[in-house]
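Source file: final19.txt; contents: compact mmCIF, C-alpha atoms.
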```txt
# COMPACT_ATOMS: atom_id res chain seq x y z
CA MET T 1 38.35 -0.01 37.23
CA PHE T 2 40.15 -3.33 36.78
CA ASP T 3 38.54 -6.50 35.58
CA PHE T 4 40.39 -8.90 37.90
CA GLU T 5 38.20 -11.84 36.97
CA ARG T 6 39.12 -11.49 33.30
CA GLN T 7 42.81 -10.96 34.03
CA PHE T 8 43.05 -13.80 36.54
CA SER T 9 40.71 -16.51 35.42
CA PRO T 10 40.92 -19.88 37.20
CA GLY T 11 42.75 -21.32 34.20
CA SER T 12 45.41 -18.60 34.13
CA VAL T 13 45.93 -18.81 37.89
CA ALA T 14 46.40 -22.55 37.62
CA ARG T 15 48.95 -22.07 34.85
CA ILE T 16 50.85 -19.48 36.91
CA VAL T 17 50.92 -21.77 39.94
CA ALA T 18 52.01 -24.74 37.82
CA THR T 19 54.77 -22.69 36.13
CA ARG T 20 56.13 -21.45 39.43
CA ALA T 21 56.03 -24.95 40.90
CA GLN T 22 57.87 -26.25 37.86
CA GLU T 23 60.50 -23.52 38.20
CA ARG T 24 60.97 -24.40 41.85
CA SER T 25 61.18 -28.06 40.96
CA VAL T 26 63.88 -27.45 38.33
CA GLN T 27 65.85 -25.27 40.75
CA GLN T 28 65.60 -27.92 43.45
CA ARG T 29 66.79 -30.63 41.07
CA ARG T 30 69.72 -28.42 40.06
CA ARG T 31 70.51 -27.86 43.70
CA ASP T 32 70.50 -31.63 44.21
CA VAL T 33 72.96 -31.98 41.31
CA PHE T 34 75.14 -29.25 42.82
CA GLU T 35 75.10 -30.83 46.29
CA SER T 36 75.90 -34.25 44.85
CA HIS T 37 79.10 -33.10 43.12
CA ARG T 38 80.33 -29.90 44.76
CA HIS T 39 82.57 -31.61 47.33
CA ARG T 40 84.44 -33.55 44.63
CA VAL T 41 84.75 -30.52 42.34
CA PHE T 42 86.00 -28.27 45.13
CA ALA T 43 88.44 -30.89 46.46
CA VAL T 44 89.99 -31.51 43.04
CA GLY T 45 90.14 -27.77 42.37
CA TYR T 46 91.78 -27.12 45.72
CA TYR T 47 94.40 -29.85 45.43
CA MET T 48 95.19 -28.83 41.87
CA THR T 49 95.69 -25.16 42.78
CA ALA T 50 96.49 -25.22 46.53
CA ASN T 51 94.35 -22.09 46.75
CA GLU T 52 90.90 -21.87 48.34
CA LEU T 53 89.73 -18.84 46.36
CA GLU T 54 90.84 -20.37 43.07
CA ALA T 55 89.13 -23.64 44.00
CA GLU T 56 85.89 -21.80 44.68
CA ALA T 57 86.18 -20.02 41.32
CA ILE T 58 86.68 -23.42 39.65
CA LEU T 59 83.62 -24.74 41.48
CA THR T 60 81.44 -21.86 40.29
CA GLU T 61 82.66 -21.89 36.68
CA THR T 62 82.34 -25.67 36.49
CA PHE T 63 78.65 -25.55 37.35
CA ILE T 64 78.00 -22.52 35.15
CA HIS T 65 79.24 -24.52 32.16
CA ALA T 66 77.63 -27.77 33.31
CA PHE T 67 74.19 -26.14 33.73
CA ALA T 68 74.57 -24.29 30.44
CA ALA T 69 75.24 -27.58 28.64
CA GLN T 70 72.49 -29.57 30.37
CA SER T 71 69.61 -28.54 32.59
CA GLU T 72 70.38 -31.41 34.95
CA PRO T 73 73.95 -32.55 34.24
CA ASP T 74 75.11 -35.98 35.37
CA ALA T 75 78.47 -36.79 36.97
CA ALA T 76 80.19 -37.21 33.59
CA ALA T 77 78.99 -33.79 32.40
CA VAL T 78 80.16 -32.14 35.62
CA ASP T 79 83.54 -33.83 35.30
CA ARG T 80 83.91 -32.65 31.70
CA ALA T 81 83.15 -29.09 32.80
CA LEU T 82 85.69 -29.42 35.63
CA VAL T 83 88.43 -30.67 33.31
CA GLY T 84 87.62 -27.78 30.96
CA GLN T 85 88.28 -25.34 33.80
CA LEU T 86 91.53 -27.08 34.74
CA GLU T 87 92.72 -27.05 31.12
CA GLN T 88 92.37 -23.26 31.16
CA ARG T 89 94.73 -23.09 34.13
CA PHE T 90 97.20 -25.92 33.52
CA SER T 91 98.84 -27.85 30.76
CA LEU T 92 97.53 -31.38 31.19
CA GLU T 93 99.97 -32.89 28.72
CA PRO T 94 101.90 -35.81 30.25
CA ALA T 95 105.36 -35.03 31.63
CA GLY T 96 108.35 -37.34 31.36
CA THR T 97 108.10 -40.54 33.38
CA ALA T 98 109.62 -40.25 36.85
CA VAL T 99 112.51 -42.46 37.96
CA LEU T 100 112.58 -44.20 41.32
CA ASP T 101 115.26 -42.76 43.62
CA ALA T 102 117.07 -45.88 44.84
CA ASP T 103 118.90 -43.88 47.53
CA LEU T 104 115.65 -43.13 49.35
CA THR T 105 113.65 -45.67 51.34
CA LEU T 106 110.01 -45.11 52.23
CA ALA T 107 109.40 -46.68 55.64
CA ARG T 108 106.03 -48.11 56.65
CA MET T 109 105.05 -45.41 59.14
CA ALA T 110 102.33 -42.86 59.67
CA THR T 111 102.53 -40.08 57.11
CA ARG T 112 101.34 -36.59 57.88
CA ARG T 113 98.52 -35.36 55.73
CA THR T 114 100.44 -32.10 55.31
CA ASP T 115 103.39 -34.06 53.90
CA MET T 116 101.06 -35.82 51.46
CA GLU T 117 99.68 -32.46 50.33
CA GLU T 118 103.18 -31.05 49.92
CA ALA T 119 104.25 -34.07 47.86
CA LEU T 120 101.10 -33.76 45.77
CA ARG T 121 101.90 -30.15 44.92
CA LEU T 122 105.27 -31.24 43.52
CA LEU T 123 103.62 -33.40 40.84
CA PRO T 124 103.26 -32.09 37.28
CA PRO T 125 99.60 -31.03 36.71
CA ALA T 126 98.65 -34.01 34.54
CA GLU T 127 100.07 -36.47 37.07
CA ARG T 128 98.45 -34.61 39.95
CA LEU T 129 95.03 -34.79 38.30
CA VAL T 130 95.30 -38.47 37.39
CA PHE T 131 96.52 -39.30 40.90
CA LEU T 132 93.60 -37.41 42.44
CA LEU T 133 91.04 -39.02 40.18
CA LYS T 134 92.36 -42.58 40.56
CA ASP T 135 93.87 -42.87 44.03
CA VAL T 136 91.74 -40.29 45.86
CA GLU T 137 88.38 -40.24 44.05
CA GLY T 138 88.49 -43.89 42.97
CA TYR T 139 87.89 -43.43 39.22
CA SER T 140 88.78 -46.34 36.98
CA PRO T 141 91.62 -45.85 34.44
CA GLY T 142 89.07 -46.28 31.65
CA ARG T 143 86.86 -43.52 33.02
CA ILE T 144 89.85 -41.20 33.39
CA ALA T 145 91.00 -41.99 29.86
CA GLU T 146 87.56 -41.12 28.48
CA LEU T 147 87.39 -37.93 30.53
CA LEU T 148 90.85 -36.71 29.45
CA ASP T 149 90.54 -38.07 25.90
CA ARG T 150 93.75 -40.08 26.34
CA PRO T 151 94.57 -43.75 25.68
CA GLU T 152 94.16 -45.85 28.80
CA LYS T 153 97.78 -47.01 28.58
CA GLU T 154 98.90 -43.38 28.74
CA VAL T 155 96.74 -42.82 31.81
CA LEU T 156 98.33 -45.84 33.50
CA ARG T 157 101.84 -44.57 32.66
CA THR T 158 100.93 -41.16 34.06
CA LEU T 159 99.58 -42.75 37.24
CA PHE T 160 102.69 -44.90 37.63
CA SER T 161 104.91 -41.85 37.26
CA ALA T 162 102.81 -39.88 39.78
CA ARG T 163 103.14 -42.64 42.36
CA ILE T 164 106.92 -42.75 41.89
CA ARG T 165 107.20 -38.97 42.39
CA MET T 166 104.98 -39.17 45.48
CA ARG T 167 107.13 -41.97 46.89
CA ASN T 168 110.35 -40.07 46.24
CA ALA T 169 108.99 -36.89 47.84
CA LEU T 170 107.63 -38.67 50.93
CA ALA T 171 110.83 -40.69 51.34
CA ALA T 172 112.84 -37.45 51.20
CA VAL T 173 110.66 -35.94 53.93
CA GLN T 174 111.03 -39.06 56.11
CA SER T 175 114.78 -38.88 55.66
CA ALA T 176 114.75 -35.24 56.70
CA TYR T 177 112.68 -36.04 59.81
CA LYS T 178 115.18 -38.71 60.83
CA ALA T 179 118.11 -36.34 60.36
CA VAL T 180 116.39 -33.66 62.46
CA ALA T 181 115.53 -36.18 65.19
CA LEU T 182 119.11 -37.45 65.36
CA THR T 183 120.56 -33.95 65.77
CA THR T 184 117.97 -32.64 68.27
CA PRO T 185 118.37 -33.36 72.02
CA VAL T 186 115.21 -34.62 73.68
CA ALA T 187 114.42 -34.09 77.36
CA ALA T 188 112.60 -36.93 79.08
CA GLY T 189 108.89 -36.68 78.46
CA GLN T 190 109.23 -33.55 76.35
CA PRO T 191 108.66 -33.05 72.59
CA ASN T 192 111.69 -32.43 70.41
CA PRO T 193 112.45 -28.68 70.42
CA ALA T 194 113.69 -27.60 67.01
CA ARG T 195 117.08 -25.99 67.06
CA PRO T 196 119.02 -24.08 64.36
CA VAL T 197 119.97 -26.23 61.39
CA GLU T 198 123.56 -27.37 61.38
CA ALA T 199 125.77 -26.55 58.43
CA GLY T 200 125.54 -29.14 55.70
CA GLN T 201 121.87 -30.01 56.18
CA SER T 202 119.79 -30.16 53.03
CA ALA T 203 117.15 -27.65 51.97
CA THR T 204 114.47 -30.27 52.68
CA GLN T 205 115.80 -30.77 56.23
CA GLN T 206 115.85 -27.00 56.71
CA ARG T 207 112.24 -26.69 55.53
CA VAL T 208 111.03 -29.57 57.69
CA GLN T 209 112.80 -28.27 60.79
CA ASP T 210 111.53 -24.73 60.28
CA ARG T 211 107.98 -25.97 59.81
CA ASP T 212 108.08 -28.11 62.96
CA GLN T 213 109.54 -25.22 64.93
CA ASP T 214 106.71 -22.96 63.81
CA ARG T 215 104.11 -25.58 64.81
CA ASP T 216 105.91 -26.69 68.00
CA LEU T 217 105.64 -30.31 66.87
CA ASP T 218 107.78 -33.36 67.28
CA PRO T 219 108.83 -34.39 63.74
CA GLY T 220 107.46 -37.86 64.48
CA THR T 221 104.01 -36.66 65.50
CA GLU T 222 101.21 -37.27 63.03
CA THR T 223 98.97 -34.28 62.42
CA GLU T 224 95.34 -34.52 61.38
CA VAL T 225 94.01 -31.64 59.33
CA ASP T 226 90.83 -31.16 57.36
CA PRO T 227 91.64 -32.60 53.91
CA VAL T 228 89.79 -29.74 52.24
CA PRO T 229 89.26 -26.28 53.73
CA ALA T 230 85.76 -25.56 54.95
CA MET T 231 85.39 -22.65 52.56
CA HIS T 232 83.16 -24.68 50.26
CA GLU T 233 80.61 -25.17 53.01
CA ASP T 234 77.37 -23.35 53.82
CA ARG T 235 77.37 -19.71 52.68
CA SER T 236 80.19 -20.12 50.16
CA ALA T 237 78.46 -23.12 48.61
CA GLN T 238 75.19 -21.19 48.47
CA HIS T 239 76.97 -18.26 46.79
CA SER T 240 78.60 -20.58 44.24
CA PHE T 241 75.25 -22.22 43.45
CA GLU T 242 73.51 -18.86 42.96
CA GLN T 243 76.30 -17.66 40.68
CA ALA T 244 76.10 -20.88 38.67
CA GLN T 245 72.33 -20.49 38.34
CA ARG T 246 72.66 -16.91 37.09
CA GLY T 247 75.57 -17.75 34.79
CA ALA T 248 73.76 -20.66 33.21
```

Translate the structure of the given file into structure tokens.
Amino acid sequence: MFDFERQFSPGSVARIVATRAQERSVQQRRRDVFESHRHRVFAVGYYMTANELEAEAILTETFIHAFAAQSEPDAAAVDRALVGQLEQRFSLEPAGTAVLDADLTLARMATRRTDMEEALRLLPPAERLVFLLKDVEGYSPGRIAELLDRPEKEVLRTLFSARIRMRNALAAVQSAYKAVALTTPVAAGQPNPARPVEAGQSATQQRVQDRDQDRDLDPGTETEVDPVPAMHEDRSAQHSFEQAQRGA
């Protein structure tokens, strides 16, 4: 009834096998590209938005556009796609240069990662991105300038301003910790219990004290947290890759 030999000659079978192997090879190479860059893309997306779901959406859309532009995009192509996604969500135009607050002193002491994240969220989007790329990811100013299509001098000014704002914010938090510690009685061998804020304390002191009370932490205790939520791992990463493959 069916002429299988004519339909599936040795030559056609070989071509089918070769095509499928090639498809698997391309998919594996794309997966290698995805695995090589997904941590960076997710981390930048998360710290720019402070939202895990939004960071995962940025991750997926970044690779959809990167794979659509090139079958096997390199790091520069992935970064361009990432910046394109961020430009849809933020204005990346430089803000006014920050001014150092001479009334605040940043002591050389352990800084909580949560305080760093909170200070980072206070930065204007352009400064936040430049700070992440330079001081966290280790990009050179020239590479950032090329990626953002900005003069390198402007990138350096933006970075300088970001560092000033970070310093001011962290110094303000340190000052608030000291004020809370001075007004909180400490029993021998016990952590500082947070007590109601006295009248006249600043909003920053109020926020710091409330946060430490919720966490039952001494304001001087350093806390280690995962720098990026684990949502980009395993099944979520697989889902993002499959969506990127279909979208491309």

- Message: So, with all atoms listed in the file as the atoms that count, which of T:Arg30, T:His37, T:Ile58, T:Glu146 lies closest to Gln88 (chain T)?
- Response: T:Ile58

- Query: T:Glu118, T:Asp79, T:Glu72, T:Glu61: which is nearest Tyr139 (chain T), counting all atoms listed in the file?
  - Reply: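 Closest residue, counting all atoms listed in the file: T:Asp79.
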
- Looking at all atoms listed in the file, which of T:Leu82, T:Ile164, T:Ala76, T:Ala244 is the one that sits closest to Gln27 (chain T)? T:Ala244

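Atom pair CA of Leu86 (chain T) / CA of Arg113 (chain T) has a distance of 23.6 Å (rounded to one decimal).
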
- Query: What is the CA of Leu132 (chain T) to CA of Phe67 (chain T) distance in Å?
  - Reply: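 Between CA of Leu132 (chain T) and CA of Phe67 (chain T) the gap works out to 24.1 Å.
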
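When only C-alpha atoms are used to measure the gap to Glu35 (chain T), the shortest distance among T:Phe131, T:Tyr177, T:Phe63, T:Phe90 belongs to T:Phe63.
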
- Message: Ranking T:Val99, T:Ala237, T:Ala145, T:Met116 by minimum distance to Arg80 (chain T) and counting all atoms listed in the file, which one comes first?
- Response: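 That would be T:Ala145, the residue with the smallest distance to Arg80 (chain T).
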
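Using all atoms listed in the file, the shortest contact distance between Arg143 (chain T) and any of T:Ser25, T:Ala75, T:Pro94, T:Gly84 is found at T:Ala75.
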
Contact residues around Arg38 (chain T) with all atoms listed in the file at 9 Å, ignoring same-chain residues under 2 positions, as a PDB file with C-alpha atoms, keeping the file's coordinate frame:
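What landed in selection.pdb:
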```pdb
ATOM      1  CA  VAL T  33      72.960 -31.980  41.310  1.00  0.00           C
ATOM      2  CA  PHE T  34      75.140 -29.250  42.820  1.00  0.00           C
ATOM      3  CA  GLU T  35      75.100 -30.830  46.290  1.00  0.00           C
ATOM      4  CA  SER T  36      75.900 -34.250  44.850  1.00  0.00           C
ATOM      5  CA  ARG T  40      84.440 -33.550  44.630  1.00  0.00           C
ATOM      6  CA  VAL T  41      84.750 -30.520  42.340  1.00  0.00           C
ATOM      7  CA  PHE T  42      86.000 -28.270  45.130  1.00  0.00           C
ATOM      8  CA  ALA T  43      88.440 -30.890  46.460  1.00  0.00           C
ATOM      9  CA  LEU T  59      83.620 -24.740  41.480  1.00  0.00           C
ATOM     10  CA  PHE T  63      78.650 -25.550  37.350  1.00  0.00           C
ATOM     11  CA  HIS T 232      83.160 -24.680  50.260  1.00  0.00           C
ATOM     12  CA  ALA T 237      78.460 -23.120  48.610  1.00  0.00           C
TER      13      ALA T 237
END
```

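Atom to atom, CA of Ala50 (chain T) and CA of Ala126 (chain T) stand 15.0 Å apart.
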
- List the neighbours of Glu117 (chain T) out to 9 Å using all atoms listed in the file; skip same-chain residues closer than 3 positions along the sequence, and give me the result as JSON, numbers by chain. {"T": [47, 50, 112, 113, 114, 120, 121, 122, 227]}

With C-alpha atoms retained, write the just-selected residues as a short mmCIF file (atom, residue, chain, number, x, y, z; two decimals), in the coordinates of the input.
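Output file selection38.cif is given in full below:
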```
data_model
loop_
_atom_site.label_atom_id
_atom_site.label_comp_id
_atom_site.auth_asym_id
_atom_site.auth_seq_id
_atom_site.Cartn_x
_atom_site.Cartn_y
_atom_site.Cartn_z
CA TYR T 47 94.40 -29.85 45.43
CA ALA T 50 96.49 -25.22 46.53
CA ARG T 112 101.34 -36.59 57.88
CA ARG T 113 98.52 -35.36 55.73
CA THR T 114 100.44 -32.10 55.31
CA LEU T 120 101.10 -33.76 45.77
CA ARG T 121 101.90 -30.15 44.92
CA LEU T 122 105.27 -31.24 43.52
CA PRO T 227 91.64 -32.60 53.91
#
```
